[in-house]
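Q: Sharing a structure, written as structure tokens. Questions coming.
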Amino acid sequence: MSAADRHCVLLAGGYSHPFTETGDVLAMLAREAGWHVDRHEEAEPAIDALQPDTGLFIANALWWSMTQHEKYEADRPQWSRTLGDARLAAVRRFVEDGGALLAVHTAVICWDTQPGWRDLLGGGWRWHHSHHPPMGEARVRLTDAGAALAPEAAGGFTLVDEVYHGLDPAGDCAILAEACADTDFVPVAWLRRVGKGTVAVDALGHDGRSLRQADHRALLRAVLRRAAENVAA
């Protein structure tokens with residue numbers, strides 16, 4: 001795939017997060033990496049837009065069943081979503097055929113009735129197991145793999161974010177970064193191969209302030225470059 005043909009589908013929408021803001025930053029980063037961006041708020045049209053010339057799918061969303069706690073009951077009619085088997089299969093096929101998937105922040109919570117989504121990511125949110133401390137200052141350190149990918153951020157950095165605990169990335173995930181908001185560093189960013197394609201997860205990125213932090217932005221840019229290289233290959 002030539003640089004001129006690189007087509008990115010960006011899903012940015014959902015419940016209780018500033019997806020307009022974070023979607024704007026992610027679209028900017030993708031364009032800077034040479035991707036043409038097709039943006040959607042809902043999952044179904046985004047997944048249906050994955051065409052043969054699509055190289056990158058960015059999932060930056062919070063759509064899930066909202067059935068885990070009574071506190072979500074009033075919001076379910078407007079915000080509850082599930083994902084059908086055919087569309088989940090379409091995303092997996094997209095990756096296995098050589099596409100790149102980047103899941104950002106709340107994307108690890110999406111589609112709880114589809115365990116295949118978490119399996120595709122190589123880890124993710126599990127209700128009554130995963131959690132996060134209150135949003136606040138967090139320290140981020142890159143692993144050797146992360147430092148090799150984004151040497152400009154190799155020294156680590158701090159930002160204000162939600163640090164998700166208990167995502168439990170699988171053994172075939174190359175951990176890129178760990179973060180600490182309280183006492184323990186936990187994995188928050190990784191890469192894995194699925195078929196011919198690449199899956200990247202960055203569980204940071206609650207808002208634009210996090211995504212615009214210079215070293216975090218450098219890590220995301222490096223992940224997008226890697227995605228472009230793998231698709232081009």
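The chains in the structure tokens are called A, B, ... from first to last as shown; in each chain the residues are counted from 1, and the ligands are counted from 1 in the order shown.
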So which residues touch range 8-11 of chain A within 9 Å, counting only C-alpha atoms, skipping near sequence neighbours fewer than 6 positions away, as a PyMOL selection string?

A: chain A and resi 23+26-27+30-31+35-43+46-47+49-50+53-61

Q: Enumerate as an MDAnalysis selection string all residues of range 17-199 of chain A assigned to strand (DSSP E) by DSSP on the backbone, naming them with the chain letters and numbers the document uses.

A: chainID A and resid 36:40 54:62 100:104 136:142 157:161 174:180 186:194 197:199

Q: So how far away is CA of Leu102 in chain A from CA of Val199 in chain A, in Å?

A: 6.1 Å

Q: Which of range 2-228 of chain A end up as helix (DSSP H, G or I) when DSSP is run on this backbone - answer as number ranges by chain?

A: A: 3-5, 19-32, 43-48, 70-79, 85-96, 105-108, 115-121, 144-149, 151-153, 208-212, 214-228

Q: Find the residues around range 116-132 of chain A up to 6 Å (only C-alpha atoms counted), leave out those fewer than 2 positions away in its own chain, and share them as an MDAnalysis selection string.

A: chainID A and resid 108:109 114 163:170
